Amino acid sequence: MCLGIPGRIVDRRDDAGLPVGTVDFGGVRREVCLAYVADEASVGDYVVVHVGFAISKVDEEEAHRTFQVLREMSQLDELDWMADLADAAEGVQP
Amino acid sequence: MKYLSEYRDPALARTLVDRILRTSTKRWTLMEVCGGQTHTIVKQGIHEVLADAVEMIHGPGCPVCVTPLEQIDRALHLAARPDVIFTSFGDMLRVPGSECDLFQVKARGGNVRIVYSPLDAVELARRHPDREVVFFAVGFETTAPANAMAVWRARELGVDNFSVLVSHVTVPPAMVAILEDPGNRVQGFLAAGHVCTVMGWEEYDPLAERYAVPIVVTGFEPLDILEGIWMAVVQLEEGRHEVENQYVRSVRREGNRPAQELVSRVFHVVDRGWRGIGTIPASGLGLRPEFAAFDAERKFDLHHIRAEEPAECRAGDVLRGHIKPFECPAFGGACTPESPLGAPMVSTEGACAAYHNFGRFQAAAAGGA
Amino acid sequence: MATVIPVRPRTIQGVACPVPLPTHDRVQLGHGSGGKMSALLLKERFLPRFGNRYLDALGDGALVPVEGGEVVLSTDTFVVSPLEFPGGNIGHLAVHGTVNDLAMMGAAPRYLSAGFVLEEGLPFEVLDRILDAMAGAAAACGVEVVTGDTKVVDRGKADGLFVNTTGVGFLHDGFRPSPSRARPGDAVLVSGPLARHGMAVMAVREGLEFDADIESDTASLVPLVDALRVAVGDAVHVLRDATRGGLASAINEIAGASRVGVELSGALPVPSAVEAACEMLGLDPLYVANEGVLVAFVAPEAEDAALAALRSHAVGASAMRVGRVVEDHPGMVVLRTGLGGTRVVDMLPGDQLPRIC
């Protein structure tokens with residue numbers, strides 16, 4: 001219950017009292033209702049949009065952090081693998 | 001696409017798959033309650049690569065699939081009226097009612113239109129003051145704020161030829177129903193990331209506590225799902241049962257307060273039927289009496305429309321995870337994507353439709369049918 | 001002597017005249033009657049655009065010279081709505097569609113017929129744009145429209161305009177691509193960016209409108225087919241234009257006809273704006289319509305030369321291999337996901353629908 005995708009707010013306006021804006025999704029633009037992120041999101045911010053409504057502002061710091069954690073995990077795994085290989089070469093039991 | 005594509009990185013995904021396989025000391029059973037997550041899991045073959053460590057049971061997370069037969073029949077009745085323009089999200093159009101589906105009503109001359117946003121339906125009503133525009137307000141809590149705003153705006157702008165046919169359901173009561181079921185095998189949950197974007201995760205703490213199950217709020221891209229599964233497996237291995245948030249880039253503990261506020265001003269909690277499962281008390285949203293003028297069930301005479309689910313369709317057992325789709329006697333025979341008996345075979349996120357593809361490949365690979 | 005009083009056309013407010021004055025800006029039922037209005041429509045709008053010695057003879061049929069012992073015939077009917085969309089209109093589709101079908105059979109397209117069903121009330125300026133598109137496309141493809149027909153139906157009985165084109169083409173020697181000739185080991189090649197036509201039309205559909213730099217890819221595939229034929233000849237086992245139902249449907253049809261399995265690698269040429277639009281609506285680009293993309297199944301040893309031939313043309317610049325024919329799971333198309341999982345890419349029962357989940 002779910003199809004929400006992130007996009008960047010490129011402009012904001014008022015439509016007879018309703019805050020709306022144009023959101024750019026990687027080259028596709030659509031009018032989106034910003035009422036539920038009105039206080040926290042401005043032009044240039046990324047928001048998650050579901051059926052034409054922004055339901056959250058993307059926390060860019062957290063997003064980068066998640067990604068960093070995953071990257072580090074991946075690098076650590078490589079180091080583990082290399083360590084295992086080195087151990088095996090030296091006859092060390094795992 | 002930013003904040004989307006990077007969460008599909010195959011190398012990072014394989015890292016997570018390895019981690020999960022190495023961390024688990026036994027095979028755990030997890031459930032996701034979200035059609036979008038089911039879609040990613042089946043599309044990417046996540047359940048396949050994790051099969052040794054995790055059994056994924058696909059829960060009733062597709063609001064299209066769980067819309068009661070009766071509500072579909074009421075929608076079909078409205079759509080066939082010459083004075084009505086019936087608007088809906090796309091995926092509802094092929095869900096079978098007792099006799100036909102919205103696509104067939106359209107073919108017979110019904111004015112049925114797909115819209116992307118409920119506000120588009122309100123706009124349609126403004127442009128066609130001579131017709132009644134009805135919007136099929138289906139969905140979980142994710143969609144409730146949008147549907148609430150549509151009703152709110154219609155009232156504000158005086159668009160009185162607009163109404164909604166409501167069939168909203170909420171996730172926590174469904175999880176409780178599954179956990180309370182004597183045959184329950186689910187040991188941990190992935191909670192739907194966008195439902196929680198709206199609602200937060202406060203209401204899941206008592207569930208994790210009472211039923212001793214880990215609940216991880218999870219996103220929708222492959223890396224999100226894998227990280228969510230990994231977090232759940234770690235909790236299970238360590239004997240913990242807490243609510244954790246994987247989808248930190250979108251979900252906060254309190255959720256989206258303005259959205260929750262408007263939803264509670266327009267809707268209130270009601271009992272709702274779940275197709276294939278039955279009525280779950282306090283599991284749905286209905287329009288508050290002060291918005292009766294926008295309630296299609298009150299505007300049009302629909303109470304005489306009742307429906308019985310076909311005995312053959314075991315969608316309920318599938319949705320609760322009791323049986324796998326291919327264990328249903330009708331699977332692949334009387335019930336196929338071309339002629340579905342129940343909703344999980346219709347929707348592309350439906351467990352039955354998903355297994356109709358995957359299952360056939362496994363059978364072919366094994367030298368079978 | 002009687003005085004002739006000139007009659008000036010005028011309207012009378014509030015009175016419904018049983019013999020309405022002709023409006024000059026749109027199609028009326030009389031245009032389909034076969035009488036003077038029909039003749040005028042033909043003379044003023046169709047002949048000036050399509051004129052050639054076969055059509056101008058205005059016989060009941062066209063008498064045309066034929067080469068070789070076999071001809072290839074193909075027919076297609078076009079009913080797209082809206083009639084006009086970013087990148088083209090139904091007229092472009094009507095010519096390219098049939099020309100491409102003939103090319104997929106290995107034939108050089110030569111003649112077209114065009115049958116029109118016009119809806120009463122269709123504005124002439126719209127009809128003119130569509131006819132201009134057809135005339136231009138036909139000229140660019142080197143085909144002539146040699147015979148045709150026009151009918152008019154009541155308002156509401158057609159989405160503005162329906163058109164059928166039937167084409168005749170002549171085969172080249174030794175070039176016989178066919179849907180049943182795919183063999184294990186064949187490379188599955190795609191000529192260009194996917195899903196543009198379907199998303200361009202979706203962008204202007206009522207209720208789903210969005211703003212994007214997406215244009216229909218409607219185009220003749222003849223130059224690409226010629227390039228392939230010259231480069232690798234009979235190593236081209238199958239050609240298919242991927243139209244309705246997208247790439248997935250085309251490949252499924254061939255897998256079925258040849259009784260082989262196909263394994264897709266997962267990499268697909270999808271432009272980023274198209275991908276974004278698909279994400280927004282929850283659509284899978286594999287199933288979205290194209291109008292200027294071909295799929296070629298070629299013998300493995302000819303793969304590199306075939307790709308080079310496709311890429312030498314602007315329309316084929318992003319040609320790539322998307323899969324391979326295998327012996328396993330005959331008739332079934334599978335895709336290896338980035339995770340190493342397998343996903344069956346089946347035919348859809350009907351149209352793909354935008355989803356909310």
# chains A, B, ... in the order shown; residues from 1 in each chain; ligands from 1
>>> closest_atom_pairs(of="chain A", to="chain C", cutoff="8 Å", atoms="only C-alpha atoms", output="CSV")
residue,atom,partner,partner_atom,distance
A:Met1,CA,C:Cys357,CA,4.3
A:Cys2,CA,C:Cys357,CA,4.5
A:Leu3,CA,C:Cys357,CA,4.8
A:Gly4,CA,C:Met280,CA,7.7
A:Ile5,CA,C:Met280,CA,6.6
A:Phe25,CA,C:Ala276,CA,6.0
A:Gly26,CA,C:Ala276,CA,5.7
A:Gly27,CA,C:Ala273,CA,4.9
A:Val28,CA,C:Ala212,CA,4.5
A:Arg29,CA,C:Asp211,CA,4.9
A:Arg30,CA,C:Phe210,CA,5.1
A:Glu31,CA,C:Phe210,CA,7.9
A:His50,CA,C:Ile356,CA,7.8
A:Val51,CA,C:Ile356,CA,7.0
>>> write_last_selection(atoms="N, CA and C atoms", output="compact mmCIF listing (two decimals), in the first residue's frame")
# COMPACT_ATOMS: atom_id res chain seq x y z
N MET A 1 0.87 -1.17 0.00
CA MET A 1 0.00 0.00 0.00
C MET A 1 0.89 1.19 0.00
N CYS A 2 1.45 1.39 -1.15
CA CYS A 2 2.86 1.66 -1.06
C CYS A 2 3.47 2.51 -2.14
N LEU A 3 2.84 2.61 -3.30
CA LEU A 3 3.65 3.17 -4.37
C LEU A 3 3.93 4.65 -4.11
N GLY A 4 5.04 4.90 -3.42
CA GLY A 4 5.43 6.27 -3.17
C GLY A 4 6.83 6.44 -3.70
N ILE A 5 7.04 7.44 -4.53
CA ILE A 5 8.40 7.62 -5.04
C ILE A 5 8.92 9.02 -4.73
N PHE A 25 10.31 14.10 -10.89
CA PHE A 25 10.75 12.73 -10.61
C PHE A 25 11.71 12.32 -11.71
N GLY A 26 12.96 12.66 -11.56
CA GLY A 26 13.94 12.24 -12.56
C GLY A 26 13.57 12.58 -13.99
N GLY A 27 12.98 13.73 -14.23
CA GLY A 27 12.66 14.15 -15.59
C GLY A 27 11.18 14.18 -15.89
N VAL A 28 10.37 13.61 -15.02
CA VAL A 28 8.91 13.67 -15.18
C VAL A 28 8.36 14.60 -14.12
N ARG A 29 7.51 15.52 -14.54
CA ARG A 29 7.01 16.51 -13.57
C ARG A 29 5.49 16.39 -13.44
N ARG A 30 5.04 16.58 -12.21
CA ARG A 30 3.61 16.50 -11.98
C ARG A 30 3.24 17.43 -10.86
N GLU A 31 1.98 17.89 -10.89
CA GLU A 31 1.52 18.70 -9.79
C GLU A 31 1.23 17.81 -8.60
N HIS A 50 2.78 9.94 -2.99
CA HIS A 50 1.86 8.81 -3.18
C HIS A 50 0.55 9.38 -3.69
N VAL A 51 0.07 8.85 -4.80
CA VAL A 51 -1.16 9.30 -5.48
C VAL A 51 -1.32 10.82 -5.50
>>> interface_residues(of="chain B", to="chain A", cutoff="6 Å", atoms="only C-alpha atoms", output="ChimeraX atom specification")
/B:1,15,34-36,116-117,140,194,249-250,258-259
>>> write_last_selection(atoms="N, CA and C atoms", output="compact mmCIF listing (two decimals), in the first residue's frame")
# COMPACT_ATOMS: atom_id res chain seq x y z
N MET B 1 17.14 7.54 -10.74
CA MET B 1 16.31 8.43 -9.93
C MET B 1 16.87 8.51 -8.52
N THR B 15 25.65 -8.47 -0.85
CA THR B 15 26.27 -8.40 0.48
C THR B 15 25.25 -8.71 1.55
N CYS B 34 2.40 -5.83 2.84
CA CYS B 34 2.41 -4.69 1.94
C CYS B 34 2.58 -5.16 0.51
N GLY B 35 1.61 -4.85 -0.33
CA GLY B 35 1.64 -5.29 -1.72
C GLY B 35 2.90 -4.86 -2.45
N GLY B 36 3.35 -3.65 -2.19
CA GLY B 36 4.54 -3.14 -2.87
C GLY B 36 5.77 -3.95 -2.47
N TYR B 116 -5.08 9.19 -11.34
CA TYR B 116 -3.85 8.98 -10.59
C TYR B 116 -4.04 9.46 -9.15
N SER B 117 -4.71 10.57 -8.97
CA SER B 117 -4.89 11.16 -7.65
C SER B 117 -6.38 11.40 -7.39
N PHE B 140 -4.90 1.46 2.21
CA PHE B 140 -4.52 1.40 3.61
C PHE B 140 -4.37 2.83 4.14
N HIS B 194 5.34 2.93 3.83
CA HIS B 194 4.58 4.14 3.57
C HIS B 194 3.36 4.27 4.46
N ARG B 249 14.79 7.13 5.98
CA ARG B 249 14.76 8.32 5.15
C ARG B 249 13.35 8.87 4.97
N SER B 250 12.34 8.10 5.36
CA SER B 250 10.97 8.58 5.20
C SER B 250 10.11 8.49 6.45
N PRO B 258 0.04 16.23 10.51
CA PRO B 258 -1.04 16.91 9.76
C PRO B 258 -1.91 15.93 8.99
N ALA B 259 -1.27 14.88 8.43
CA ALA B 259 -2.03 13.89 7.67
C ALA B 259 -2.96 13.11 8.60
>>> interface_residues(of="chain B", to="chain C", cutoff="9 Å", atoms="only C-alpha atoms", output="mmCIF file with N, CA and C atoms, in the first residue's frame")
data_model
loop_
_atom_site.group_PDB
_atom_site.id
_atom_site.type_symbol
_atom_site.label_atom_id
_atom_site.label_comp_id
_atom_site.auth_asym_id
_atom_site.auth_seq_id
_atom_site.Cartn_x
_atom_site.Cartn_y
_atom_site.Cartn_z
ATOM 1 N N MET B 1 17.140 7.539 -10.738
ATOM 2 C CA MET B 1 16.309 8.433 -9.928
ATOM 3 C C MET B 1 16.866 8.509 -8.516
ATOM 4 N N ARG B 8 18.915 -0.082 -5.345
ATOM 5 C CA ARG B 8 18.786 -1.283 -6.165
ATOM 6 C C ARG B 8 20.135 -1.857 -6.522
ATOM 7 N N ASP B 9 21.177 -1.317 -5.949
ATOM 8 C CA ASP B 9 22.533 -1.737 -6.282
ATOM 9 C C ASP B 9 22.694 -3.249 -6.077
ATOM 10 N N PRO B 10 22.984 -3.994 -7.139
ATOM 11 C CA PRO B 10 23.043 -5.455 -7.005
ATOM 12 C C PRO B 10 24.207 -5.939 -6.124
ATOM 13 N N ALA B 11 25.325 -5.238 -6.161
ATOM 14 C CA ALA B 11 26.470 -5.685 -5.354
ATOM 15 C C ALA B 11 26.163 -5.556 -3.869
ATOM 16 N N ALA B 13 23.244 -5.507 -2.627
ATOM 17 C CA ALA B 13 22.170 -6.465 -2.339
ATOM 18 C C ALA B 13 22.769 -7.835 -2.023
ATOM 19 N N ARG B 14 23.752 -8.237 -2.820
ATOM 20 C CA ARG B 14 24.352 -9.562 -2.588
ATOM 21 C C ARG B 14 25.066 -9.609 -1.243
ATOM 22 N N VAL B 17 22.392 -10.273 1.210
ATOM 23 C CA VAL B 17 21.937 -11.666 1.103
ATOM 24 C C VAL B 17 22.926 -12.577 1.845
ATOM 25 N N CYS B 34 2.400 -5.826 2.838
ATOM 26 C CA CYS B 34 2.413 -4.690 1.938
ATOM 27 C C CYS B 34 2.581 -5.158 0.512
ATOM 28 N N GLY B 35 1.609 -4.853 -0.334
ATOM 29 C CA GLY B 35 1.643 -5.289 -1.723
ATOM 30 C C GLY B 35 2.898 -4.857 -2.450
ATOM 31 N N GLY B 36 3.353 -3.649 -2.191
ATOM 32 C CA GLY B 36 4.544 -3.145 -2.866
ATOM 33 C C GLY B 36 5.773 -3.945 -2.474
ATOM 34 N N GLN B 37 5.859 -4.357 -1.219
ATOM 35 C CA GLN B 37 6.990 -5.172 -0.776
ATOM 36 C C GLN B 37 6.904 -6.569 -1.389
ATOM 37 N N HIS B 39 5.618 -7.276 -4.183
ATOM 38 C CA HIS B 39 5.992 -7.079 -5.580
ATOM 39 C C HIS B 39 7.508 -7.125 -5.757
ATOM 40 N N VAL B 42 9.022 -10.742 -4.974
ATOM 41 C CA VAL B 42 8.817 -11.740 -6.020
ATOM 42 C C VAL B 42 9.551 -11.341 -7.300
ATOM 43 N N LYS B 43 9.482 -10.068 -7.632
ATOM 44 C CA LYS B 43 10.110 -9.596 -8.872
ATOM 45 C C LYS B 43 11.622 -9.820 -8.849
ATOM 46 N N GLN B 44 12.251 -9.590 -7.698
ATOM 47 C CA GLN B 44 13.696 -9.711 -7.601
ATOM 48 C C GLN B 44 14.136 -11.127 -7.256
ATOM 49 N N GLY B 45 13.178 -11.964 -6.893
ATOM 50 C CA GLY B 45 13.532 -13.324 -6.497
ATOM 51 C C GLY B 45 14.176 -13.371 -5.124
ATOM 52 N N ILE B 46 13.842 -12.400 -4.264
ATOM 53 C CA ILE B 46 14.443 -12.347 -2.926
ATOM 54 C C ILE B 46 14.101 -13.592 -2.125
ATOM 55 N N HIS B 47 12.837 -14.030 -2.211
ATOM 56 C CA HIS B 47 12.426 -15.220 -1.455
ATOM 57 C C HIS B 47 13.202 -16.444 -1.924
ATOM 58 N N GLU B 48 13.587 -16.431 -3.172
ATOM 59 C CA GLU B 48 14.311 -17.557 -3.749
ATOM 60 C C GLU B 48 15.748 -17.618 -3.208
ATOM 61 N N VAL B 49 16.427 -16.450 -3.229
ATOM 62 C CA VAL B 49 17.835 -16.488 -2.811
ATOM 63 C C VAL B 49 17.985 -16.637 -1.304
ATOM 64 N N GLY B 61 -1.484 -7.584 2.294
ATOM 65 C CA GLY B 61 -1.018 -6.210 2.195
ATOM 66 C C GLY B 61 -1.429 -5.509 0.927
ATOM 67 N N CYS B 62 -2.348 -6.098 0.208
ATOM 68 C CA CYS B 62 -2.753 -5.490 -1.039
ATOM 69 C C CYS B 62 -4.197 -5.037 -0.876
ATOM 70 N N PRO B 63 -4.436 -3.747 -0.713
ATOM 71 C CA PRO B 63 -5.799 -3.283 -0.437
ATOM 72 C C PRO B 63 -6.758 -3.622 -1.569
ATOM 73 N N VAL B 64 -6.210 -3.734 -2.767
ATOM 74 C CA VAL B 64 -7.020 -4.135 -3.909
ATOM 75 C C VAL B 64 -7.543 -5.557 -3.687
ATOM 76 N N PHE B 89 -8.568 4.088 -8.910
ATOM 77 C CA PHE B 89 -7.170 3.792 -9.192
ATOM 78 C C PHE B 89 -7.143 2.635 -10.191
ATOM 79 N N GLY B 90 -6.080 2.614 -11.014
ATOM 80 C CA GLY B 90 -6.026 1.628 -12.095
ATOM 81 C C GLY B 90 -6.166 0.181 -11.675
ATOM 82 N N ASP B 91 -5.487 -0.188 -10.596
ATOM 83 C CA ASP B 91 -5.443 -1.618 -10.286
ATOM 84 C C ASP B 91 -6.767 -2.211 -9.819
ATOM 85 N N MET B 92 -7.781 -1.371 -9.598
ATOM 86 C CA MET B 92 -9.082 -1.918 -9.201
ATOM 87 C C MET B 92 -9.875 -2.440 -10.389
ATOM 88 N N LEU B 93 -9.466 -2.048 -11.595
ATOM 89 C CA LEU B 93 -10.357 -2.271 -12.731
ATOM 90 C C LEU B 93 -10.566 -3.731 -13.099
ATOM 91 N N ARG B 94 -9.603 -4.591 -12.754
ATOM 92 C CA ARG B 94 -9.777 -5.982 -13.184
ATOM 93 C C ARG B 94 -10.164 -6.902 -12.039
ATOM 94 N N ARG B 113 -13.390 5.741 -15.315
ATOM 95 C CA ARG B 113 -12.136 6.409 -15.654
ATOM 96 C C ARG B 113 -11.081 6.127 -14.594
ATOM 97 N N ILE B 114 -9.862 5.938 -15.080
ATOM 98 C CA ILE B 114 -8.742 5.772 -14.167
ATOM 99 C C ILE B 114 -8.208 7.155 -13.822
ATOM 100 N N VAL B 115 -7.943 7.372 -12.531
ATOM 101 C CA VAL B 115 -7.272 8.613 -12.135
ATOM 102 C C VAL B 115 -6.026 8.259 -11.343
ATOM 103 N N TYR B 116 -5.080 9.190 -11.344
ATOM 104 C CA TYR B 116 -3.851 8.981 -10.587
ATOM 105 C C TYR B 116 -4.039 9.459 -9.149
ATOM 106 N N SER B 117 -4.713 10.573 -8.971
ATOM 107 C CA SER B 117 -4.888 11.164 -7.650
ATOM 108 C C SER B 117 -6.376 11.397 -7.386
ATOM 109 N N ASP B 120 -7.897 14.491 -8.740
ATOM 110 C CA ASP B 120 -8.293 14.492 -10.154
ATOM 111 C C ASP B 120 -9.777 14.176 -10.287
ATOM 112 N N ALA B 121 -10.277 13.337 -9.373
ATOM 113 C CA ALA B 121 -11.700 12.980 -9.424
ATOM 114 C C ALA B 121 -12.555 14.184 -9.026
ATOM 115 N N LEU B 124 -12.680 16.442 -11.920
ATOM 116 C CA LEU B 124 -13.603 15.904 -12.921
ATOM 117 C C LEU B 124 -15.039 16.290 -12.568
ATOM 118 N N GLY B 139 -7.795 1.579 -0.003
ATOM 119 C CA GLY B 139 -6.401 1.717 0.393
ATOM 120 C C GLY B 139 -6.180 1.498 1.867
ATOM 121 N N THR B 143 -3.064 5.879 1.884
ATOM 122 C CA THR B 143 -3.913 6.590 0.932
ATOM 123 C C THR B 143 -5.001 7.401 1.626
ATOM 124 N N PRO B 337 -4.571 -16.029 -13.959
ATOM 125 C CA PRO B 337 -4.647 -14.573 -14.137
ATOM 126 C C PRO B 337 -5.662 -14.153 -15.200
ATOM 127 N N GLU B 338 -5.882 -15.006 -16.209
ATOM 128 C CA GLU B 338 -6.835 -14.635 -17.263
ATOM 129 C C GLU B 338 -8.264 -14.737 -16.771
ATOM 130 N N SER B 339 -8.535 -15.717 -15.913
ATOM 131 C CA SER B 339 -9.893 -15.855 -15.364
ATOM 132 C C SER B 339 -9.768 -16.110 -13.871
ATOM 133 N N THR B 348 -1.181 -7.620 -9.597
ATOM 134 C CA THR B 348 0.192 -8.052 -9.845
ATOM 135 C C THR B 348 0.971 -8.246 -8.553
ATOM 136 N N GLU B 349 0.477 -7.700 -7.434
ATOM 137 C CA GLU B 349 1.137 -7.972 -6.151
ATOM 138 C C GLU B 349 0.524 -9.155 -5.449
ATOM 139 N N ASN B 357 3.509 -17.277 -11.768
ATOM 140 C CA ASN B 357 4.704 -17.125 -12.591
ATOM 141 C C ASN B 357 5.838 -17.970 -12.051
ATOM 142 N N PHE B 358 6.209 -17.702 -10.787
ATOM 143 C CA PHE B 358 7.375 -18.342 -10.199
ATOM 144 C C PHE B 358 7.209 -19.848 -10.147
ATOM 145 N N ARG B 360 5.456 -21.835 -11.944
ATOM 146 C CA ARG B 360 5.536 -22.493 -13.252
ATOM 147 C C ARG B 360 6.981 -22.666 -13.673
ATOM 148 N N PHE B 361 7.831 -21.693 -13.333
ATOM 149 C CA PHE B 361 9.226 -21.811 -13.722
ATOM 150 C C PHE B 361 9.879 -22.950 -12.981
ATOM 151 N N ALA B 364 8.805 -26.162 -14.454
ATOM 152 C CA ALA B 364 9.453 -26.404 -15.755
ATOM 153 C C ALA B 364 10.905 -26.776 -15.550
ATOM 154 N N ALA B 365 11.567 -26.092 -14.622
ATOM 155 C CA ALA B 365 12.985 -26.357 -14.364
ATOM 156 C C ALA B 365 13.184 -27.756 -13.830
ATOM 157 N N GLY B 367 11.609 -30.186 -14.720
ATOM 158 C CA GLY B 367 11.244 -31.126 -15.773
ATOM 159 C C GLY B 367 9.792 -31.516 -15.715
#
>>> closest_residue(among="C:Glu144, C:Glu291, C:Glu301, C:Asp149", to="Leu58 (chain C)", atoms="only C-alpha atoms")
C:Asp149
>>> closest_residue(among="B:Cys328, B:Met345, B:Ala334, B:Ala148", to="His268 (chain B)", atoms="only C-alpha atoms")
B:Ala148
>>> atom_distance(atom1="CA of Thr170 (chain B)", atom2="CA of His303 (chain B)")
23.3 Å
>>> decode(residues="region 193-205 of chain B", atoms="N, CA and C atoms", output="mmCIF file, in the first residue's frame")
data_model
loop_
_atom_site.group_PDB
_atom_site.id
_atom_site.type_symbol
_atom_site.label_atom_id
_atom_site.label_comp_id
_atom_site.auth_asym_id
_atom_site.auth_seq_id
_atom_site.Cartn_x
_atom_site.Cartn_y
_atom_site.Cartn_z
ATOM 1 N N GLY B 193 6.389 0.483 4.885
ATOM 2 C CA GLY B 193 7.080 1.754 5.054
ATOM 3 C C GLY B 193 6.252 2.995 4.805
ATOM 4 N N HIS B 194 5.341 2.928 3.832
ATOM 5 C CA HIS B 194 4.578 4.144 3.568
ATOM 6 C C HIS B 194 3.357 4.266 4.460
ATOM 7 N N VAL B 195 2.818 3.144 4.902
ATOM 8 C CA VAL B 195 1.767 3.204 5.925
ATOM 9 C C VAL B 195 2.359 3.897 7.149
ATOM 10 N N CYS B 196 3.586 3.504 7.504
ATOM 11 C CA CYS B 196 4.221 4.077 8.704
ATOM 12 C C CYS B 196 4.719 5.494 8.474
ATOM 13 N N THR B 197 4.976 5.856 7.222
ATOM 14 C CA THR B 197 5.325 7.245 6.933
ATOM 15 C C THR B 197 4.181 8.133 7.399
ATOM 16 N N VAL B 198 2.960 7.677 7.196
ATOM 17 C CA VAL B 198 1.791 8.449 7.606
ATOM 18 C C VAL B 198 1.521 8.261 9.099
ATOM 19 N N MET B 199 1.517 7.001 9.558
ATOM 20 C CA MET B 199 1.041 6.696 10.910
ATOM 21 C C MET B 199 2.134 6.646 11.960
ATOM 22 N N GLY B 200 3.402 6.602 11.528
ATOM 23 C CA GLY B 200 4.462 6.397 12.518
ATOM 24 C C GLY B 200 4.459 4.932 12.947
ATOM 25 N N TRP B 201 5.234 4.617 13.995
ATOM 26 C CA TRP B 201 5.211 3.213 14.420
ATOM 27 C C TRP B 201 4.818 3.033 15.885
ATOM 28 N N GLU B 202 4.268 4.089 16.472
ATOM 29 C CA GLU B 202 3.879 3.998 17.890
ATOM 30 C C GLU B 202 2.924 2.844 18.154
ATOM 31 N N GLU B 203 1.978 2.620 17.207
ATOM 32 C CA GLU B 203 0.964 1.593 17.471
ATOM 33 C C GLU B 203 1.498 0.168 17.330
ATOM 34 N N TYR B 204 2.751 0.009 16.892
ATOM 35 C CA TYR B 204 3.307 -1.332 16.753
ATOM 36 C C TYR B 204 4.051 -1.793 18.005
ATOM 37 N N ASP B 205 4.437 -0.830 18.869
ATOM 38 C CA ASP B 205 5.152 -1.205 20.103
ATOM 39 C C ASP B 205 4.348 -2.209 20.935
#
